[in-house]
$ cat input.cif   # mmCIF, N, CA and C atoms
data_input
loop_
_atom_site.group_PDB
_atom_site.id
_atom_site.type_symbol
_atom_site.label_atom_id
_atom_site.label_comp_id
_atom_site.auth_asym_id
_atom_site.auth_seq_id
_atom_site.Cartn_x
_atom_site.Cartn_y
_atom_site.Cartn_z
ATOM 1 N N MET T 1 -32.655 80.069 66.498
ATOM 2 C CA MET T 1 -31.220 79.811 66.459
ATOM 3 C C MET T 1 -30.522 80.706 67.488
ATOM 4 N N THR T 2 -29.698 80.122 68.314
ATOM 5 C CA THR T 2 -28.951 80.859 69.335
ATOM 6 C C THR T 2 -27.624 81.324 68.763
ATOM 7 N N ARG T 3 -27.348 82.636 68.946
ATOM 8 C CA ARG T 3 -26.048 83.164 68.491
ATOM 9 C C ARG T 3 -24.989 82.814 69.529
ATOM 10 N N ARG T 4 -23.822 82.406 69.066
ATOM 11 C CA ARG T 4 -22.722 82.088 69.969
ATOM 12 C C ARG T 4 -21.615 83.126 69.773
ATOM 13 N N PHE T 5 -21.146 83.663 70.878
ATOM 14 C CA PHE T 5 -20.077 84.644 70.850
ATOM 15 C C PHE T 5 -18.964 84.173 71.780
ATOM 16 N N PRO T 6 -17.741 84.609 71.517
ATOM 17 C CA PRO T 6 -16.635 84.260 72.428
ATOM 18 C C PRO T 6 -16.929 84.779 73.837
ATOM 19 N N ASP T 7 -16.437 84.088 74.806
ATOM 20 C CA ASP T 7 -16.606 84.439 76.206
ATOM 21 C C ASP T 7 -16.048 85.838 76.472
ATOM 22 N N PRO T 8 -16.878 86.781 76.940
ATOM 23 C CA PRO T 8 -16.389 88.141 77.166
ATOM 24 C C PRO T 8 -15.326 88.214 78.271
ATOM 25 N N HIS T 9 -15.388 87.314 79.245
ATOM 26 C CA HIS T 9 -14.397 87.327 80.325
ATOM 27 C C HIS T 9 -12.999 87.029 79.767
ATOM 28 N N SER T 10 -12.922 86.011 78.930
ATOM 29 C CA SER T 10 -11.628 85.651 78.323
ATOM 30 C C SER T 10 -11.125 86.751 77.397
ATOM 31 N N ARG T 11 -12.013 87.319 76.601
ATOM 32 C CA ARG T 11 -11.607 88.390 75.675
ATOM 33 C C ARG T 11 -11.141 89.623 76.436
ATOM 34 N N LEU T 12 -11.851 89.976 77.504
ATOM 35 C CA LEU T 12 -11.480 91.137 78.303
ATOM 36 C C LEU T 12 -10.139 90.905 78.994
ATOM 37 N N GLY T 13 -9.942 89.729 79.556
ATOM 38 C CA GLY T 13 -8.659 89.394 80.182
ATOM 39 C C GLY T 13 -7.514 89.453 79.188
ATOM 40 N N GLY T 14 -7.742 88.912 77.997
ATOM 41 C CA GLY T 14 -6.712 88.961 76.956
ATOM 42 C C GLY T 14 -6.363 90.382 76.551
ATOM 43 N N ALA T 15 -7.373 91.240 76.461
ATOM 44 C CA ALA T 15 -7.128 92.642 76.110
ATOM 45 C C ALA T 15 -6.325 93.354 77.194
ATOM 46 N N LEU T 16 -6.638 93.090 78.457
ATOM 47 C CA LEU T 16 -5.905 93.717 79.565
ATOM 48 C C LEU T 16 -4.447 93.275 79.583
ATOM 49 N N VAL T 17 -4.209 91.997 79.335
ATOM 50 C CA VAL T 17 -2.831 91.487 79.269
ATOM 51 C C VAL T 17 -2.102 92.138 78.097
ATOM 52 N N GLY T 18 -2.771 92.224 76.962
ATOM 53 C CA GLY T 18 -2.147 92.815 75.773
ATOM 54 C C GLY T 18 -1.764 94.273 75.958
ATOM 55 N N MET T 19 -2.626 95.050 76.604
ATOM 56 C CA MET T 19 -2.336 96.476 76.745
ATOM 57 C C MET T 19 -1.344 96.768 77.869
ATOM 58 N N SER T 20 -1.263 95.900 78.875
ATOM 59 C CA SER T 20 -0.388 96.175 80.014
ATOM 60 C C SER T 20 0.937 95.429 79.963
ATOM 61 N N GLY T 21 0.999 94.359 79.178
ATOM 62 C CA GLY T 21 2.193 93.528 79.175
ATOM 63 C C GLY T 21 2.294 92.687 80.434
ATOM 64 N N GLY T 22 1.212 92.616 81.191
ATOM 65 C CA GLY T 22 1.214 91.894 82.456
ATOM 66 C C GLY T 22 0.708 90.473 82.330
ATOM 67 N N THR T 23 0.512 89.847 83.478
ATOM 68 C CA THR T 23 -0.054 88.502 83.536
ATOM 69 C C THR T 23 -1.206 88.517 84.538
ATOM 70 N N ILE T 24 -2.174 87.658 84.292
ATOM 71 C CA ILE T 24 -3.315 87.570 85.192
ATOM 72 C C ILE T 24 -2.963 86.658 86.361
ATOM 73 N N LEU T 25 -3.056 87.210 87.570
ATOM 74 C CA LEU T 25 -2.817 86.440 88.789
ATOM 75 C C LEU T 25 -4.101 85.784 89.277
ATOM 76 N N GLU T 26 -5.206 86.507 89.144
ATOM 77 C CA GLU T 26 -6.517 86.008 89.570
ATOM 78 C C GLU T 26 -7.566 86.587 88.628
ATOM 79 N N SER T 27 -8.643 85.827 88.429
ATOM 80 C CA SER T 27 -9.786 86.382 87.702
ATOM 81 C C SER T 27 -11.037 85.648 88.124
ATOM 82 N N ARG T 28 -12.139 86.386 88.093
ATOM 83 C CA ARG T 28 -13.423 85.750 88.372
ATOM 84 C C ARG T 28 -14.522 86.507 87.643
ATOM 85 N N GLN T 29 -15.566 85.767 87.352
ATOM 86 C CA GLN T 29 -16.725 86.303 86.665
ATOM 87 C C GLN T 29 -17.952 85.918 87.488
ATOM 88 N N THR T 30 -18.819 86.901 87.740
ATOM 89 C CA THR T 30 -20.026 86.662 88.516
ATOM 90 C C THR T 30 -21.229 87.114 87.693
ATOM 91 N N PRO T 31 -22.230 86.258 87.510
ATOM 92 C CA PRO T 31 -23.420 86.673 86.770
ATOM 93 C C PRO T 31 -24.064 87.903 87.416
ATOM 94 N N TRP T 32 -24.634 88.762 86.574
ATOM 95 C CA TRP T 32 -25.271 89.988 87.040
ATOM 96 C C TRP T 32 -26.518 90.217 86.207
ATOM 97 N N ALA T 33 -27.550 90.764 86.818
ATOM 98 C CA ALA T 33 -28.772 91.091 86.078
ATOM 99 C C ALA T 33 -29.500 92.237 86.762
ATOM 100 N N SER T 34 -30.202 93.016 85.951
ATOM 101 C CA SER T 34 -31.103 94.048 86.449
ATOM 102 C C SER T 34 -32.475 93.745 85.854
ATOM 103 N N ALA T 35 -33.410 94.637 86.018
ATOM 104 C CA ALA T 35 -34.747 94.408 85.465
ATOM 105 C C ALA T 35 -34.737 94.353 83.942
ATOM 106 N N THR T 36 -33.773 95.018 83.311
ATOM 107 C CA THR T 36 -33.757 95.093 81.844
ATOM 108 C C THR T 36 -32.523 94.503 81.176
ATOM 109 N N PHE T 37 -31.473 94.229 81.924
ATOM 110 C CA PHE T 37 -30.226 93.747 81.337
ATOM 111 C C PHE T 37 -29.708 92.517 82.070
ATOM 112 N N SER T 38 -28.931 91.704 81.369
ATOM 113 C CA SER T 38 -28.207 90.614 82.020
ATOM 114 C C SER T 38 -26.773 90.647 81.508
ATOM 115 N N GLY T 39 -25.877 90.189 82.321
ATOM 116 C CA GLY T 39 -24.468 90.207 81.965
ATOM 117 C C GLY T 39 -23.632 89.609 83.078
ATOM 118 N N ALA T 40 -22.463 90.215 83.316
ATOM 119 C CA ALA T 40 -21.562 89.683 84.330
ATOM 120 C C ALA T 40 -20.646 90.779 84.869
ATOM 121 N N ARG T 41 -20.271 90.596 86.121
ATOM 122 C CA ARG T 41 -19.218 91.411 86.736
ATOM 123 C C ARG T 41 -17.920 90.618 86.597
ATOM 124 N N HIS T 42 -16.851 91.341 86.323
ATOM 125 C CA HIS T 42 -15.542 90.705 86.102
ATOM 126 C C HIS T 42 -14.525 91.370 87.025
ATOM 127 N N ARG T 43 -13.657 90.565 87.588
ATOM 128 C CA ARG T 43 -12.538 91.096 88.381
ATOM 129 C C ARG T 43 -11.272 90.402 87.916
ATOM 130 N N PHE T 44 -10.252 91.211 87.647
ATOM 131 C CA PHE T 44 -8.944 90.705 87.243
ATOM 132 C C PHE T 44 -7.895 91.310 88.164
ATOM 133 N N VAL T 45 -6.975 90.488 88.629
ATOM 134 C CA VAL T 45 -5.807 90.978 89.355
ATOM 135 C C VAL T 45 -4.618 90.680 88.460
ATOM 136 N N LEU T 46 -3.922 91.743 88.069
ATOM 137 C CA LEU T 46 -2.798 91.627 87.134
ATOM 138 C C LEU T 46 -1.481 91.948 87.815
ATOM 139 N N HIS T 47 -0.439 91.259 87.392
ATOM 140 C CA HIS T 47 0.923 91.664 87.749
ATOM 141 C C HIS T 47 1.475 92.367 86.517
ATOM 142 N N VAL T 48 1.824 93.630 86.691
ATOM 143 C CA VAL T 48 2.372 94.427 85.593
ATOM 144 C C VAL T 48 3.846 94.668 85.905
ATOM 145 N N PRO T 49 4.764 94.086 85.086
ATOM 146 C CA PRO T 49 6.177 94.125 85.432
ATOM 147 C C PRO T 49 6.862 95.478 85.315
ATOM 148 N N HIS T 50 6.338 96.377 84.529
ATOM 149 C CA HIS T 50 7.002 97.667 84.321
ATOM 150 C C HIS T 50 6.084 98.796 84.765
ATOM 151 N N ILE T 51 6.566 99.625 85.662
ATOM 152 C CA ILE T 51 5.754 100.722 86.179
ATOM 153 C C ILE T 51 5.286 101.628 85.044
ATOM 154 N N ALA T 52 6.089 101.774 84.011
ATOM 155 C CA ALA T 52 5.698 102.624 82.884
ATOM 156 C C ALA T 52 4.406 102.134 82.233
ATOM 157 N N ARG T 53 4.104 100.842 82.323
ATOM 158 C CA ARG T 53 2.909 100.274 81.701
ATOM 159 C C ARG T 53 1.634 100.617 82.454
ATOM 160 N N LYS T 54 1.741 101.098 83.684
ATOM 161 C CA LYS T 54 0.544 101.458 84.440
ATOM 162 C C LYS T 54 -0.266 102.492 83.663
ATOM 163 N N GLY T 55 0.407 103.356 82.946
ATOM 164 C CA GLY T 55 -0.272 104.368 82.149
ATOM 165 C C GLY T 55 -1.227 103.763 81.138
ATOM 166 N N GLU T 56 -0.923 102.572 80.645
ATOM 167 C CA GLU T 56 -1.791 101.896 79.690
ATOM 168 C C GLU T 56 -3.126 101.525 80.339
ATOM 169 N N LEU T 57 -3.128 101.339 81.642
ATOM 170 C CA LEU T 57 -4.334 100.933 82.345
ATOM 171 C C LEU T 57 -5.129 102.112 82.919
ATOM 172 N N ARG T 58 -4.536 103.284 82.977
ATOM 173 C CA ARG T 58 -5.196 104.431 83.616
ATOM 174 C C ARG T 58 -6.459 104.878 82.893
ATOM 175 N N ALA T 59 -6.470 104.858 81.603
ATOM 176 C CA ALA T 59 -7.612 105.363 80.835
ATOM 177 C C ALA T 59 -8.467 104.215 80.297
ATOM 178 N N LEU T 60 -8.715 103.214 81.115
ATOM 179 C CA LEU T 60 -9.487 102.052 80.674
ATOM 180 C C LEU T 60 -10.865 102.430 80.152
ATOM 181 N N ASP T 61 -11.507 103.389 80.809
ATOM 182 C CA ASP T 61 -12.858 103.758 80.417
ATOM 183 C C ASP T 61 -12.924 104.478 79.072
ATOM 184 N N GLU T 62 -11.779 104.871 78.533
ATOM 185 C CA GLU T 62 -11.729 105.533 77.238
ATOM 186 C C GLU T 62 -11.360 104.574 76.109
ATOM 187 N N ARG T 63 -11.037 103.349 76.432
ATOM 188 C CA ARG T 63 -10.608 102.360 75.435
ATOM 189 C C ARG T 63 -11.787 101.616 74.841
ATOM 190 N N GLU T 64 -11.574 101.107 73.645
ATOM 191 C CA GLU T 64 -12.554 100.256 72.983
ATOM 192 C C GLU T 64 -12.157 98.798 73.216
ATOM 193 N N PHE T 65 -13.122 97.970 73.553
ATOM 194 C CA PHE T 65 -12.879 96.544 73.753
ATOM 195 C C PHE T 65 -13.780 95.770 72.801
ATOM 196 N N ASP T 66 -13.213 94.808 72.103
ATOM 197 C CA ASP T 66 -13.949 93.990 71.152
ATOM 198 C C ASP T 66 -14.568 92.809 71.898
ATOM 199 N N LEU T 67 -15.859 92.934 72.230
ATOM 200 C CA LEU T 67 -16.577 91.908 72.980
ATOM 201 C C LEU T 67 -17.862 91.559 72.227
ATOM 202 N N PRO T 68 -17.770 90.817 71.125
ATOM 203 C CA PRO T 68 -18.951 90.519 70.323
ATOM 204 C C PRO T 68 -20.098 89.951 71.168
ATOM 205 N N GLY T 69 -21.294 90.531 70.968
ATOM 206 C CA GLY T 69 -22.468 90.077 71.688
ATOM 207 C C GLY T 69 -22.615 90.689 73.067
ATOM 208 N N HIS T 70 -21.645 91.527 73.466
ATOM 209 C CA HIS T 70 -21.663 92.151 74.783
ATOM 210 C C HIS T 70 -21.229 93.607 74.675
ATOM 211 N N VAL T 71 -21.635 94.389 75.638
ATOM 212 C CA VAL T 71 -21.237 95.787 75.739
ATOM 213 C C VAL T 71 -20.524 95.962 77.071
ATOM 214 N N LEU T 72 -19.406 96.648 77.040
ATOM 215 C CA LEU T 72 -18.694 96.959 78.279
ATOM 216 C C LEU T 72 -19.359 98.186 78.889
ATOM 217 N N ALA T 73 -20.108 97.984 79.961
ATOM 218 C CA ALA T 73 -20.859 99.070 80.592
ATOM 219 C C ALA T 73 -19.988 99.908 81.521
ATOM 220 N N ASP T 74 -18.989 99.277 82.143
ATOM 221 C CA ASP T 74 -18.147 99.990 83.098
ATOM 222 C C ASP T 74 -16.852 99.216 83.295
ATOM 223 N N ILE T 75 -15.751 99.944 83.442
ATOM 224 C CA ILE T 75 -14.462 99.332 83.759
ATOM 225 C C ILE T 75 -13.624 100.342 84.525
ATOM 226 N N VAL T 76 -13.012 99.907 85.622
ATOM 227 C CA VAL T 76 -12.180 100.782 86.445
ATOM 228 C C VAL T 76 -10.981 100.014 86.981
ATOM 229 N N MET T 77 -9.900 100.757 87.207
ATOM 230 C CA MET T 77 -8.759 100.193 87.923
ATOM 231 C C MET T 77 -9.041 100.491 89.395
ATOM 232 N N ASP T 78 -9.434 99.485 90.133
ATOM 233 C CA ASP T 78 -9.846 99.642 91.519
ATOM 234 C C ASP T 78 -8.667 99.916 92.436
ATOM 235 N N ASP T 79 -7.525 99.296 92.137
ATOM 236 C CA ASP T 79 -6.365 99.417 93.013
ATOM 237 C C ASP T 79 -5.122 99.088 92.205
ATOM 238 N N CYS T 80 -4.022 99.722 92.544
ATOM 239 C CA CYS T 80 -2.746 99.399 91.908
ATOM 240 C C CYS T 80 -1.647 99.638 92.943
ATOM 241 N N VAL T 81 -0.997 98.552 93.355
ATOM 242 C CA VAL T 81 -0.013 98.604 94.430
ATOM 243 C C VAL T 81 1.373 98.328 93.858
ATOM 244 N N ASP T 82 2.322 99.169 94.224
ATOM 245 C CA ASP T 82 3.712 98.981 93.813
ATOM 246 C C ASP T 82 4.320 97.876 94.669
ATOM 247 N N GLU T 83 4.794 96.819 94.008
ATOM 248 C CA GLU T 83 5.437 95.713 94.704
ATOM 249 C C GLU T 83 6.890 95.606 94.232
ATOM 250 N N LYS T 84 7.622 94.710 94.826
ATOM 251 C CA LYS T 84 9.050 94.578 94.549
ATOM 252 C C LYS T 84 9.355 94.396 93.059
ATOM 253 N N TYR T 85 8.578 93.595 92.367
ATOM 254 C CA TYR T 85 8.885 93.289 90.967
ATOM 255 C C TYR T 85 7.882 93.874 89.985
ATOM 256 N N GLY T 86 7.171 94.907 90.379
ATOM 257 C CA GLY T 86 6.212 95.531 89.478
ATOM 258 C C GLY T 86 4.977 95.992 90.224
ATOM 259 N N LEU T 87 3.865 96.010 89.519
ATOM 260 C CA LEU T 87 2.605 96.466 90.091
ATOM 261 C C LEU T 87 1.605 95.329 90.173
ATOM 262 N N ARG T 88 0.764 95.392 91.178
ATOM 263 C CA ARG T 88 -0.353 94.459 91.308
ATOM 264 C C ARG T 88 -1.610 95.316 91.181
ATOM 265 N N CYS T 89 -2.299 95.169 90.054
ATOM 266 C CA CYS T 89 -3.455 96.016 89.746
ATOM 267 C C CYS T 89 -4.734 95.197 89.718
ATOM 268 N N THR T 90 -5.783 95.751 90.322
ATOM 269 C CA THR T 90 -7.097 95.117 90.327
ATOM 270 C C THR T 90 -8.022 95.908 89.408
ATOM 271 N N ILE T 91 -8.615 95.208 88.459
ATOM 272 C CA ILE T 91 -9.512 95.810 87.474
ATOM 273 C C ILE T 91 -10.902 95.202 87.667
ATOM 274 N N ASP T 92 -11.926 96.050 87.767
ATOM 275 C CA ASP T 92 -13.314 95.606 87.864
ATOM 276 C C ASP T 92 -14.061 96.087 86.632
ATOM 277 N N ALA T 93 -14.911 95.221 86.091
ATOM 278 C CA ALA T 93 -15.671 95.565 84.893
ATOM 279 C C ALA T 93 -17.072 94.980 84.966
ATOM 280 N N LEU T 94 -17.980 95.597 84.202
ATOM 281 C CA LEU T 94 -19.336 95.090 84.061
ATOM 282 C C LEU T 94 -19.651 95.009 82.573
ATOM 283 N N THR T 95 -20.064 93.821 82.130
ATOM 284 C CA THR T 95 -20.497 93.647 80.746
ATOM 285 C C THR T 95 -21.979 93.274 80.744
ATOM 286 N N VAL T 96 -22.671 93.732 79.708
ATOM 287 C CA VAL T 96 -24.077 93.352 79.530
ATOM 288 C C VAL T 96 -24.244 92.759 78.140
ATOM 289 N N GLU T 97 -25.205 91.855 78.038
ATOM 290 C CA GLU T 97 -25.468 91.220 76.750
ATOM 291 C C GLU T 97 -26.090 92.239 75.815
ATOM 292 N N ASP T 98 -25.607 92.250 74.581
ATOM 293 C CA ASP T 98 -26.111 93.150 73.543
ATOM 294 C C ASP T 98 -27.329 92.518 72.899
ATOM 295 N N ALA T 99 -28.469 93.161 73.044
ATOM 296 C CA ALA T 99 -29.713 92.573 72.510
ATOM 297 C C ALA T 99 -29.829 92.707 71.011
#

$ encode --input "input.cif" --output "structure tokens"
Amino acid sequence: MTRRFPDPHSRLGGALVGMSGGTILESRQTPWASATFSGARHRFVLHVPHIARKGELRALDEREFDLPGHVLADIVMDDCVDEKYGLRCTIDALTVEDA
């Protein structure tokens, strides 16, 4: 019997929107594997309307993310640019399947 879990990309994107109050401008998921693990790399580009909310994204690696069937191996805010109507932040993450 195969276990089915919610898509980690969608759950991770939803969590980022929830914590930042932003919207997703772009997102992509790329399959990833090593000799012992399989999973995916995730990239999200968010528009965050309030500069004060950037603080919510700074400590991403210290947050807990609910990704049933997957483990968040790494997450970083790669870039965050101040634009006219807020911030444009790029978040990169790596998830692996939980055996």

$ atom_distance --input "input.cif" --atom1 "CA of Glu26 (chain T)" --atom2 "CA of Gly13 (chain T)"
10.2 Å

$ resolve_selection --input "input.cif" --expression "the PyMOL selection byres (((chain T and resi 20 and name CA) around 8) and name CA)" --output "list in words"
Leu16, Val17, Gly18, Met19, Gly21, Gly22, Val48, Arg53, Lys54, Glu56 and Leu57 of chain T

$ write_last_selection --input "input.cif" --atoms "N, CA and C atoms" --output "CSV table (one decimal), in the coordinates of the input"
chain,number,residue,atom,x,y,z
T,16,LEU,N,-6.6,93.1,78.5
T,16,LEU,CA,-5.9,93.7,79.6
T,16,LEU,C,-4.4,93.3,79.6
T,17,VAL,N,-4.2,92.0,79.3
T,17,VAL,CA,-2.8,91.5,79.3
T,17,VAL,C,-2.1,92.1,78.1
T,18,GLY,N,-2.8,92.2,77.0
T,18,GLY,CA,-2.1,92.8,75.8
T,18,GLY,C,-1.8,94.3,76.0
T,19,MET,N,-2.6,95.0,76.6
T,19,MET,CA,-2.3,96.5,76.7
T,19,MET,C,-1.3,96.8,77.9
T,21,GLY,N,1.0,94.4,79.2
T,21,GLY,CA,2.2,93.5,79.2
T,21,GLY,C,2.3,92.7,80.4
T,22,GLY,N,1.2,92.6,81.2
T,22,GLY,CA,1.2,91.9,82.5
T,22,GLY,C,0.7,90.5,82.3
T,48,VAL,N,1.8,93.6,86.7
T,48,VAL,CA,2.4,94.4,85.6
T,48,VAL,C,3.8,94.7,85.9
T,53,ARG,N,4.1,100.8,82.3
T,53,ARG,CA,2.9,100.3,81.7
T,53,ARG,C,1.6,100.6,82.5
T,54,LYS,N,1.7,101.1,83.7
T,54,LYS,CA,0.5,101.5,84.4
T,54,LYS,C,-0.3,102.5,83.7
T,56,GLU,N,-0.9,102.6,80.6
T,56,GLU,CA,-1.8,101.9,79.7
T,56,GLU,C,-3.1,101.5,80.3
T,57,LEU,N,-3.1,101.3,81.6
T,57,LEU,CA,-4.3,100.9,82.3
T,57,LEU,C,-5.1,102.1,82.9

$ select_by_dssp --input "input.cif" --residues "chain T" --states "helix (DSSP H, G or I)" --output "list in words"
Pro8, His9, Ser10, Arg11, Leu12, Gly13, Gly14, Ala15, Leu16, Val17, Gly18, Met19, Ser20, Ile51, Ala52, Arg53, Lys54, Gly55, Glu56, Leu57, Arg58, Leu60, Asp61 and Glu62 of chain T

$ resolve_selection --input "input.cif" --expression "the PyMOL selection byres ((chain T and resi 49) around 5)" --output "number ranges by chain"
T: 22, 47-48, 50-51, 85-87

$ residues_near_point --input "input.cif" --point "(-14.0, 94.1, 77.4)" --cutoff "10 Å" --atoms "only C-alpha atoms" --output "ChimeraX atom specification"
/T:8-16,42,60,63-68,70-75,93-95

$ atom_distance --input "input.cif" --atom1 "CA of Asp98 (chain T)" --atom2 "CA of Arg41 (chain T)"
15.0 Å

$ residues_around --input "input.cif" --residues "Val76 (chain T)" --least-positions-apart "4" --cutoff "6 Å" --atoms "all atoms listed in the file" --output "ChimeraX atom specification"
/T:90-93

$ atom_distance --input "input.cif" --atom1 "CA of Glu62 (chain T)" --atom2 "atom C of Thr36 (chain T)"
23.9 Å

$ axis_aligned_box --input "input.cif" --around "region 35-41 of chain T" --padding-each-side "4 Å" --output "AutoDock Vina command-line options"
--center_x -26.3 --center_y 92.4 --center_z 84.0 --size_x 24.8 --size_y 13.5 --size_z 13.6

$ select_by_dssp --input "input.cif" --residues "chain T" --states "strand (DSSP E)" --output "number ranges by chain"
T: 23-33, 38-48, 70-83, 86-97

$ resolve_selection --input "input.cif" --expression "the PyMOL selection byres (((chain T and resi 24 and name CA) around 6) and name CA)" --output "JSON, numbers by chain"
{"T": [23, 25, 26, 45, 46]}

$ closest_residue --input "input.cif" --among "T:Asp61, T:Ala40, T:Arg28, T:Asp82" --to "Glu97 (chain T)" --atoms "only N, CA and C atoms"
T:Ala40

$ build_atoms --input "input.cif" --residues "region 79-87 of chain T" --atoms "all heavy atoms" --output "tab-separated table (two decimals), keeping the file's coordinate frame"
chain	number	residue	atom	x	y	z
T	79	ASP	N	-7.52	99.30	92.14
T	79	ASP	CA	-6.36	99.42	93.01
T	79	ASP	C	-5.12	99.09	92.20
T	79	ASP	O	-5.17	98.27	91.29
T	79	ASP	CB	-6.51	98.44	94.18
T	79	ASP	CG	-5.50	98.65	95.28
T	79	ASP	OD1	-4.99	99.78	95.42
T	79	ASP	OD2	-5.19	97.69	96.00
T	80	CYS	N	-4.02	99.72	92.54
T	80	CYS	CA	-2.75	99.40	91.91
T	80	CYS	C	-1.65	99.64	92.94
T	80	CYS	O	-1.44	100.77	93.38
T	80	CYS	CB	-2.53	100.25	90.67
T	80	CYS	SG	-1.47	99.47	89.45
T	81	VAL	N	-1.00	98.55	93.36
T	81	VAL	CA	-0.01	98.60	94.43
T	81	VAL	C	1.37	98.33	93.86
T	81	VAL	O	1.57	97.36	93.12
T	81	VAL	CB	-0.36	97.56	95.52
T	81	VAL	CG1	0.68	97.56	96.62
T	81	VAL	CG2	-1.75	97.81	96.08
T	82	ASP	N	2.32	99.17	94.22
T	82	ASP	CA	3.71	98.98	93.81
T	82	ASP	C	4.32	97.88	94.67
T	82	ASP	O	4.31	97.95	95.90
T	82	ASP	CB	4.48	100.29	94.00
T	82	ASP	CG	5.83	100.28	93.32
T	82	ASP	OD1	6.18	99.28	92.69
T	82	ASP	OD2	6.53	101.31	93.43
T	83	GLU	N	4.79	96.82	94.01
T	83	GLU	CA	5.44	95.71	94.70
T	83	GLU	C	6.89	95.61	94.23
T	83	GLU	O	7.31	96.30	93.33
T	83	GLU	CB	4.68	94.41	94.45
T	83	GLU	CG	3.28	94.43	95.04
T	83	GLU	CD	2.55	93.12	94.86
T	83	GLU	OE1	2.85	92.38	93.90
T	83	GLU	OE2	1.67	92.84	95.69
T	84	LYS	N	7.62	94.71	94.83
T	84	LYS	CA	9.05	94.58	94.55
T	84	LYS	C	9.36	94.40	93.06
T	84	LYS	O	10.28	94.99	92.54
T	84	LYS	CB	9.62	93.41	95.35
T	84	LYS	CG	11.12	93.28	95.23
T	84	LYS	CD	11.65	92.19	96.13
T	84	LYS	CE	13.15	92.10	96.04
T	84	LYS	NZ	13.71	91.08	96.91
T	85	TYR	N	8.58	93.60	92.37
T	85	TYR	CA	8.88	93.29	90.97
T	85	TYR	C	7.88	93.87	89.98
T	85	TYR	O	7.73	93.39	88.88
T	85	TYR	CB	8.97	91.77	90.77
T	85	TYR	CG	10.10	91.17	91.56
T	85	TYR	CD1	9.85	90.44	92.72
T	85	TYR	CD2	11.42	91.37	91.17
T	85	TYR	CE1	10.89	89.90	93.45
T	85	TYR	CE2	12.47	90.84	91.91
T	85	TYR	CZ	12.20	90.10	93.04
T	85	TYR	OH	13.23	89.57	93.77
T	86	GLY	N	7.17	94.91	90.38
T	86	GLY	CA	6.21	95.53	89.48
T	86	GLY	C	4.98	95.99	90.22
T	86	GLY	O	5.04	96.31	91.40
T	87	LEU	N	3.86	96.01	89.52
T	87	LEU	CA	2.60	96.47	90.09
T	87	LEU	C	1.60	95.33	90.17
T	87	LEU	O	1.59	94.44	89.33
T	87	LEU	CB	2.00	97.56	89.20
T	87	LEU	CG	2.84	98.82	89.03
T	87	LEU	CD1	2.25	99.67	87.92
T	87	LEU	CD2	2.89	99.60	90.32
